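Notes follow the structure.
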Amino acid sequence: MMAGRQKMLAGELYYPMDEELIRARERARHLCQTLNTSLGSINGQQRSTLIGDP
């Protein structure tokens with residue numbers, strides 16, 4: 001049986017309230033909020049670290 005994230009990425013039907021997907025949405029929401037509130041006060045390196053750029 002595939003996990004919710006795997007199903008979602010494969011374009012299959014999935015349960016959106018899967019714990020892994022809930023945690024991922026919460027993390028994304030937090031990172032977006034942090035980025036949006038600090039746009040004028042962070043440098044390129046901090047931005048890359050925050051959003052996970054290589």
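FYI, nothing fancy with the structure tokens labels: chains A, B, ... in order, residues from 1 per chain, ligands from 1 as they appear.
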
DSSP-assigned helix (DSSP H, G or I) members of chain A, reported as a PDB file with C-alpha atoms, in the first residue's frame:
```pdb
ATOM      1  CA  GLY A   4      -0.493   9.382   1.042  1.00  0.00           C
ATOM      2  CA  ARG A   5       2.411  11.456  -0.225  1.00  0.00           C
ATOM      3  CA  GLN A   6       3.397   8.813  -2.763  1.00  0.00           C
ATOM      4  CA  LYS A   7      -0.170   8.575  -4.026  1.00  0.00           C
ATOM      5  CA  MET A   8      -0.449  12.359  -4.276  1.00  0.00           C
ATOM      6  CA  LEU A   9       2.807  12.649  -6.227  1.00  0.00           C
ATOM      7  CA  GLU A  19      -0.648  12.756   9.091  1.00  0.00           C
ATOM      8  CA  GLU A  20       2.424  13.135   6.867  1.00  0.00           C
ATOM      9  CA  LEU A  21       0.560  15.484   4.522  1.00  0.00           C
ATOM     10  CA  ILE A  22      -0.818  17.516   7.428  1.00  0.00           C
ATOM     11  CA  ARG A  23       2.701  17.976   8.831  1.00  0.00           C
ATOM     12  CA  ALA A  24       4.010  18.964   5.393  1.00  0.00           C
ATOM     13  CA  ARG A  25       1.261  21.584   4.987  1.00  0.00           C
ATOM     14  CA  GLU A  26       1.914  22.974   8.463  1.00  0.00           C
ATOM     15  CA  ARG A  27       5.642  23.201   7.733  1.00  0.00           C
ATOM     16  CA  ALA A  28       4.986  24.911   4.388  1.00  0.00           C
ATOM     17  CA  ARG A  29       2.606  27.386   6.028  1.00  0.00           C
ATOM     18  CA  HIS A  30       5.166  28.201   8.725  1.00  0.00           C
ATOM     19  CA  LEU A  31       8.011  28.640   6.219  1.00  0.00           C
ATOM     20  CA  CYS A  32       5.884  30.886   3.977  1.00  0.00           C
ATOM     21  CA  GLN A  33       4.869  33.019   6.936  1.00  0.00           C
ATOM     22  CA  THR A  34       8.477  33.311   8.111  1.00  0.00           C
ATOM     23  CA  LEU A  35       9.688  34.215   4.628  1.00  0.00           C
ATOM     24  CA  ASN A  36       6.911  36.746   4.043  1.00  0.00           C
ATOM     25  CA  THR A  37       7.465  38.539   7.345  1.00  0.00           C
ATOM     26  CA  GLY A  44      20.568  35.754   0.168  1.00  0.00           C
ATOM     27  CA  GLN A  45      22.253  33.087   2.302  1.00  0.00           C
ATOM     28  CA  GLN A  46      19.557  33.275   4.975  1.00  0.00           C
ATOM     29  CA  ARG A  47      16.850  33.079   2.296  1.00  0.00           C
ATOM     30  CA  SER A  48      18.499  30.022   0.740  1.00  0.00           C
ATOM     31  CA  THR A  49      18.723  28.349   4.131  1.00  0.00           C
ATOM     32  CA  LEU A  50      15.092  29.134   4.914  1.00  0.00           C
ATOM     33  CA  ILE A  51      13.634  27.786   1.681  1.00  0.00           C
TER      34      ILE A  51
END
```
